[in-house]
Structures are given as structure tokens and as C-alpha cells.
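Shown here: start_15.tsv, TSV, C-alpha atoms.
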```
chain	number	residue	atom	x	y	z
Z	1	MET	CA	16.57	-8.93	-20.18
Z	2	SER	CA	19.63	-6.76	-20.64
Z	3	MET	CA	17.68	-4.53	-23.03
Z	4	PHE	CA	15.19	-3.85	-20.22
Z	5	PHE	CA	17.86	-2.74	-17.76
Z	6	ASN	CA	19.55	-0.60	-20.39
Z	7	ARG	CA	16.37	1.49	-20.38
Z	8	MET	CA	16.39	2.11	-16.61
Z	9	PRO	CA	18.73	5.17	-16.69
Z	10	LEU	CA	16.07	6.94	-18.73
Z	11	LEU	CA	14.15	7.53	-15.50
Z	12	ASN	CA	15.62	11.03	-15.38
Z	13	CYS	CA	13.46	11.89	-18.38
Z	14	PHE	CA	10.73	12.94	-15.95
Z	15	SER	CA	12.75	15.99	-14.95
Z	16	GLY	CA	12.92	17.57	-18.40
Z	17	PRO	CA	9.84	18.89	-20.18
Z	18	THR	CA	11.14	18.30	-23.70
Z	19	GLU	CA	12.38	14.75	-23.36
Z	20	SER	CA	10.18	11.78	-24.22
Z	21	CYS	CA	9.48	8.86	-21.93
Z	22	GLU	CA	8.22	6.70	-24.75
Z	23	GLU	CA	11.46	4.73	-24.56
Z	24	LEU	CA	10.36	3.41	-21.16
Z	25	LEU	CA	7.58	1.37	-22.72
Z	26	PRO	CA	8.39	-2.34	-22.65
Z	27	LEU	CA	9.64	-3.94	-25.80
Z	28	SER	CA	6.93	-6.58	-25.43
Z	29	ALA	CA	4.10	-4.09	-24.88
Z	30	ALA	CA	0.83	-5.96	-24.86
Z	31	SER	CA	-2.36	-4.54	-26.25
Z	32	SER	CA	-4.02	-4.74	-22.83
Z	33	LYS	CA	-3.20	-2.25	-20.12
Z	34	GLU	CA	-3.02	-2.94	-16.40
Z	35	PRO	CA	-4.37	-0.31	-13.95
Z	36	VAL	CA	-1.84	1.43	-11.68
Z	37	ILE	CA	-3.48	2.27	-8.36
Z	38	ILE	CA	-2.13	4.16	-5.36
Z	39	ASN	CA	-3.54	2.91	-2.07
Z	40	VAL	CA	-3.44	5.62	0.61
Z	41	TYR	CA	-3.51	4.96	4.35
Z	42	ASP	CA	-3.83	7.29	7.32
Z	43	LEU	CA	-1.00	6.66	9.75
Z	44	PHE	CA	-2.52	8.29	12.78
Z	45	ASN	CA	-5.94	9.51	13.88
Z	46	ILE	CA	-4.53	13.05	13.81
Z	47	ASN	CA	-5.31	13.09	10.07
Z	48	GLU	CA	-8.93	13.56	11.06
Z	49	TYR	CA	-7.98	17.07	12.19
Z	50	VAL	CA	-5.17	18.08	9.81
Z	51	VAL	CA	-6.43	16.78	6.44
Z	52	PRO	CA	-8.90	19.70	6.17
Z	53	LEU	CA	-5.82	21.97	6.43
Z	54	GLY	CA	-4.20	20.24	3.44
Z	55	LEU	CA	-1.75	18.23	5.54
Z	56	GLY	CA	-1.62	14.67	6.78
Z	57	ILE	CA	0.55	11.71	7.65
Z	58	PHE	CA	0.05	9.10	4.96
Z	59	HIS	CA	1.47	5.76	3.91
Z	60	THR	CA	1.12	4.60	0.30
Z	61	GLY	CA	1.60	1.54	-1.82
Z	62	VAL	CA	1.37	0.93	-5.57
Z	63	GLN	CA	-1.10	-1.72	-6.66
Z	64	VAL	CA	-0.56	-3.45	-9.99
Z	65	TYR	CA	-1.41	-7.00	-11.12
Z	66	GLY	CA	-3.20	-7.69	-7.84
Z	67	THR	CA	-0.16	-6.97	-5.65
Z	68	GLU	CA	0.59	-3.89	-3.59
Z	69	TYR	CA	4.24	-2.79	-3.46
Z	70	THR	CA	5.35	-0.51	-0.66
Z	71	TYR	CA	8.50	0.63	1.11
Z	72	GLY	CA	9.65	0.79	4.70
Z	73	GLY	CA	12.83	1.26	6.65
Z	74	HIS	CA	15.05	-1.21	8.47
Z	75	SER	CA	18.70	-1.26	9.46
Z	76	PHE	CA	20.01	-3.35	6.55
Z	77	ALA	CA	21.42	-2.31	3.17
Z	78	ASN	CA	19.09	-4.57	1.18
Z	79	THR	CA	15.77	-3.54	-0.32
Z	80	GLY	CA	13.08	-2.01	1.84
Z	81	ILE	CA	10.42	-2.72	-0.79
Z	82	PHE	CA	7.95	-5.46	0.01
Z	83	GLU	CA	4.71	-6.91	-1.30
Z	84	MET	CA	1.37	-7.32	0.43
Z	85	PRO	CA	-2.25	-7.93	-0.53
Z	86	PRO	CA	-3.92	-4.71	-1.74
Z	87	ARG	CA	-5.45	-2.44	0.91
Z	88	SER	CA	-4.21	-4.63	3.77
Z	89	ALA	CA	-1.73	-2.36	5.59
Z	90	GLU	CA	-3.70	-2.48	8.83
Z	91	GLN	CA	-3.42	-6.28	8.93
Z	92	GLU	CA	0.12	-6.45	7.48
Z	93	LEU	CA	1.78	-3.43	9.11
Z	94	GLY	CA	-0.22	-2.72	12.25
Z	95	GLU	CA	-3.19	-0.98	13.77
Z	96	HIS	CA	-1.82	2.54	13.12
Z	97	PHE	CA	-2.42	2.10	9.38
Z	98	HIS	CA	-6.00	2.80	8.31
Z	99	TYR	CA	-7.04	2.51	4.69
Z	100	ARG	CA	-8.22	5.89	3.35
Z	101	GLN	CA	-8.69	5.54	-0.41
Z	102	SER	CA	-7.43	4.21	-3.72
Z	103	ILE	CA	-6.50	6.46	-6.63
Z	104	GLN	CA	-6.16	5.09	-10.14
Z	105	LEU	CA	-3.31	7.00	-11.74
Z	106	GLY	CA	-3.38	5.36	-15.13
Z	107	HIS	CA	-2.42	2.15	-16.86
Z	108	THR	CA	0.82	0.36	-17.61
Z	109	GLN	CA	1.79	-1.84	-20.50
Z	110	PHE	CA	4.64	-3.44	-18.57
Z	111	THR	CA	4.09	-7.15	-18.02
Z	112	ARG	CA	3.95	-8.70	-14.54
Z	113	ASP	CA	7.54	-9.96	-14.97
Z	114	GLU	CA	8.74	-6.53	-16.07
Z	115	VAL	CA	7.07	-4.97	-13.02
Z	116	HIS	CA	8.97	-7.43	-10.81
Z	117	ARG	CA	12.24	-6.41	-12.48
Z	118	ILE	CA	11.39	-2.73	-11.99
Z	119	VAL	CA	10.75	-3.37	-8.30
Z	120	GLU	CA	14.06	-5.24	-8.09
Z	121	GLN	CA	15.89	-2.30	-9.67
Z	122	LEU	CA	14.15	0.23	-7.43
Z	123	GLY	CA	15.31	-1.86	-4.47
Z	124	TRP	CA	18.83	-0.54	-5.06
Z	125	GLN	CA	17.60	3.01	-4.49
Z	126	PHE	CA	15.05	2.22	-1.79
Z	127	THR	CA	17.10	0.19	0.66
Z	128	GLY	CA	15.90	-0.30	4.20
Z	129	ASN	CA	18.72	1.73	5.70
Z	130	SER	CA	18.18	4.65	3.29
Z	131	TYR	CA	14.64	5.26	4.53
Z	132	HIS	CA	14.10	8.79	5.84
Z	133	LEU	CA	10.75	10.13	6.97
Z	134	THR	CA	11.01	13.38	5.01
Z	135	ASN	CA	13.50	12.64	2.19
Z	136	ASN	CA	13.06	9.00	1.16
Z	137	ASN	CA	9.81	7.49	2.44
Z	138	CYS	CA	7.08	5.18	1.14
Z	139	ASN	CA	5.49	8.07	-0.76
Z	140	HIS	CA	8.74	8.82	-2.57
Z	141	PHE	CA	8.86	5.15	-3.58
Z	142	SER	CA	5.23	5.16	-4.73
Z	143	ASP	CA	5.88	8.28	-6.79
Z	144	ALA	CA	8.99	6.80	-8.45
Z	145	MET	CA	7.21	3.57	-9.27
Z	146	ALA	CA	4.10	5.32	-10.61
Z	147	ARG	CA	6.23	7.54	-12.85
Z	148	ILE	CA	7.93	4.47	-14.31
Z	149	LEU	CA	4.78	2.39	-14.72
Z	150	CYS	CA	2.41	4.99	-16.15
Z	151	GLY	CA	4.24	8.32	-16.38
Z	152	ARG	CA	2.11	9.96	-13.67
Z	153	GLN	CA	3.12	11.20	-10.25
Z	154	ILE	CA	1.20	10.70	-7.03
Z	155	PRO	CA	-1.01	13.61	-5.88
Z	156	GLY	CA	1.00	16.30	-4.07
Z	157	TRP	CA	-1.14	16.29	-0.93
Z	158	ILE	CA	0.04	12.78	-0.06
Z	159	ASN	CA	3.61	13.80	0.78
Z	160	ARG	CA	3.02	17.51	1.46
Z	161	LEU	CA	3.71	17.29	5.21
Z	162	ALA	CA	7.00	15.43	4.73
Z	163	TYR	CA	8.07	18.02	2.16
Z	164	PHE	CA	7.10	20.89	4.47
Z	165	VAL	CA	8.93	19.42	7.47
Z	166	GLY	CA	12.00	18.75	5.28
Z	167	CYS	CA	12.03	22.40	4.17
Z	168	VAL	CA	11.93	23.74	7.72
Z	169	PRO	CA	14.99	22.32	9.52
Z	170	PHE	CA	13.69	23.41	12.93
Z	171	LEU	CA	10.63	21.17	12.54
Z	172	GLU	CA	12.71	18.18	11.50
Z	173	ARG	CA	15.00	18.66	14.52
Z	174	CYS	CA	11.92	18.54	16.77
Z	175	LEU	CA	11.11	15.00	15.67
Z	176	PRO	CA	12.60	12.03	17.53
Z	177	PRO	CA	15.53	10.63	15.50
Z	178	GLU	CA	14.00	7.15	15.50
Z	179	TRP	CA	11.04	8.57	13.54
Z	180	LEU	CA	13.32	9.89	10.80
Z	181	THR	CA	15.51	6.88	10.03
Z	182	PRO	CA	15.49	3.17	10.86
Z	183	MET	CA	17.46	1.97	13.85
```
What does this structure look like when you write it as C-alpha cells?
Amino acid sequence: MSMFFNRMPLLNCFSGPTESCEELLPLSAASSKEPVIINVYDLFNINEYVVPLGLGIFHTGVQVYGTEYTYGGHSFANTGIFEMPPRSAEQELGEHFHYRQSIQLGHTQFTRDEVHRIVEQLGWQFTGNSYHLTNNNCNHFSDAMARILCGRQIPGWINRLAYFVGCVPFLERCLPPEWLTPM
């Protein structure tokens, strides 16, 4: 187990083009590969009008081994990552979440137990009280997890609006503070 966690700092290898991420593969890599799927949800009906413009308000979760992992904010310093049945955000999180589509990003050779340990480690970065609508949201979590599991990032359009709002301070100041961070 300690050998697994010793590999976790290698996550920064995704920032450099010449470094290899091969070291992230599990030591017990099985010959079978598990699909890594991003489940995308519309958060509001406004997406009907803004998606054709290349923008939207989306929630995502990463599905692997029949479980969907996602991230949300709360006021505590423990993990904000939680599990739910795949494609069930409307039932689990509320009526504002409408399933849009699933995108298979690739495959992972990490075992189910190794995925659980990865989620546990990511919980230190994605705590409930560190949630921020534009800087550290569910899409940031999904991207980090997908990069670890299969070396692929989520499509850019999923978090484009959050990125845009974060780059234009005036727009972020127009949003109610309770939208940006958990209470």
C-alpha cells in the first residue's frame, strides 16, 4: 500500500510534455481494462439556450467499476467526494440535475481497491469547504480523477463557463457568494 501512495506525487507529470505518466500504472496491473466514463448533467434549463453558444452549466461525475464518483461543497474540512449510482444525479442530488450524456474517455488498469485509494487521496484536495464554483468544482475533480485513471482530460466545453467567469472578475463578483462557495 505504501508503494501506491509513493506514486501519488507524480500527478504533476500531466503538466510537462516530456515526462512520462507510465509510473502511475498500478503495480498489480491486470490484463483487463475498466472503462472510465464521464457522466455529464445539465444543471439548469438555461443550457437549452447557451449550449449552442459553446457554454453551459454542467455537473459531472466519473464512472468506473459501476460507481459514479463526484464532488460537491459543504462547510466541513473533510472530503466533498461522494459515490452514487451511475447517471442518477437527478434522484440523488435534486431536480435541477438532468442527465445529458456519457463520454467514455478511455480505460484504466487500476483495480477497484486502487480506485478507492485514489478517491481517498483526492479527498484531501477536494474537501467540502474548498469547493468553489469557478476554481475547484465537480468538473475540476472529474478532470483530476480522469487524468489519474486513464491519462485523459475531460472535454473543455464542460467547464468552459466556469473558466470564463473565473477569468473575468467582474462576472464572478456578480454572482451571489453562496453560489461560489459552501456556507
Pick out the residues sitting within 6 Å of range 116-130 of chain Z, and hand them over as an MDAnalysis selection string; count all atoms listed in the file, and ignore anything fewer than 6 positions along from it in its own chain. chainID Z and resid 73:80
How would the residues just picked look written out with C-alpha atoms as a PDB file, keeping the file's coordinate frame?
```pdb
ATOM      1  CA  GLY Z  73      12.830   1.260   6.650  1.00  0.00           C
ATOM      2  CA  HIS Z  74      15.050  -1.210   8.470  1.00  0.00           C
ATOM      3  CA  SER Z  75      18.700  -1.260   9.460  1.00  0.00           C
ATOM      4  CA  PHE Z  76      20.010  -3.350   6.550  1.00  0.00           C
ATOM      5  CA  ALA Z  77      21.420  -2.310   3.170  1.00  0.00           C
ATOM      6  CA  ASN Z  78      19.090  -4.570   1.180  1.00  0.00           C
ATOM      7  CA  THR Z  79      15.770  -3.540  -0.320  1.00  0.00           C
ATOM      8  CA  GLY Z  80      13.080  -2.010   1.840  1.00  0.00           C
TER       9      GLY Z  80
END
```
Pick out the residues sitting within 7 Å of range 55-58 of chain Z, and hand them over as a list of chain:residue names; count all atoms listed in the file, and ignore anything fewer than 3 positions along from it in its own chain. Z:Val40, Z:Tyr41, Z:Asp42, Z:Leu43, Z:Phe44, Z:Asn47, Z:Val50, Z:Val51, Z:Trp157, Z:Ile158, Z:Arg160, Z:Leu161
Output C-alpha atoms for every residue in that selection, as a short mmCIF file (atom, residue, chain, number, x, y, z; two decimals), in the coordinates of the input.
```
data_model
loop_
_atom_site.label_atom_id
_atom_site.label_comp_id
_atom_site.auth_asym_id
_atom_site.auth_seq_id
_atom_site.Cartn_x
_atom_site.Cartn_y
_atom_site.Cartn_z
CA VAL Z 40 -3.44 5.62 0.61
CA TYR Z 41 -3.51 4.96 4.35
CA ASP Z 42 -3.83 7.29 7.32
CA LEU Z 43 -1.00 6.66 9.75
CA PHE Z 44 -2.52 8.29 12.78
CA ASN Z 47 -5.31 13.09 10.07
CA VAL Z 50 -5.17 18.08 9.81
CA VAL Z 51 -6.43 16.78 6.44
CA TRP Z 157 -1.14 16.29 -0.93
CA ILE Z 158 0.04 12.78 -0.06
CA ARG Z 160 3.02 17.51 1.46
CA LEU Z 161 3.71 17.29 5.21
#
```
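Atom pair CA of Glu95 in chain Z / CA of Thr67 in chain Z has a distance of 20.5 Å (rounded to one decimal).
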Any idea what the distance is between CA of Arg152 in chain Z and CA of Leu105 in chain Z?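 Here the two named atoms are 6.5 Å from each other.
With all atoms listed in the file as the atoms that count, the residue of Z:Leu133, Z:Ala162, Z:Ala144, Z:Leu149 with the shortest distance to Leu180 in chain Z is Z:Leu133.
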What's the 7 Å shell around Gln63 in chain Z, counting only C-alpha atoms, without same-chain residues fewer than 2 positions away, as a compact mmCIF listing (two decimals) with C-alpha atoms, in the frame of the given file?
```
# COMPACT_ATOMS: atom_id res chain seq x y z
CA VAL Z 36 -1.84 1.43 -11.68
CA ILE Z 37 -3.48 2.27 -8.36
CA ILE Z 38 -2.13 4.16 -5.36
CA ASN Z 39 -3.54 2.91 -2.07
CA GLY Z 61 1.60 1.54 -1.82
CA TYR Z 65 -1.41 -7.00 -11.12
CA GLY Z 66 -3.20 -7.69 -7.84
CA THR Z 67 -0.16 -6.97 -5.65
CA GLU Z 68 0.59 -3.89 -3.59
CA TYR Z 69 4.24 -2.79 -3.46
CA PRO Z 86 -3.92 -4.71 -1.74
```
In Å, how far is it from CA of Tyr131 in chain Z to CA of Tyr71 in chain Z? 8.4 Å
Counting only C-alpha atoms, the residue of Z:Asn45, Z:Thr60, Z:Asn137, Z:Thr70 that sits nearest Ile154 in chain Z: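 Selected residue with least distance to Ile154 in chain Z: Z:Thr60.
Closest approach to Pro182 in chain Z from the set Z:Glu48, Z:Glu83, Z:Val165, Z:Asn136 is made by Z:Asn136, with distances taken over all atoms listed in the file.
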Which of these, Z:Val115, Z:Phe82, Z:Thr134, Z:Ile148, has the shortest distance to Pro169 in chain Z once you count only C-alpha atoms? Z:Thr134
So, counting all atoms listed in the file, which residue among Z:Cys150, Z:Cys167, Z:Ile46, Z:Cys174 is closest to Phe97 in chain Z? Z:Ile46
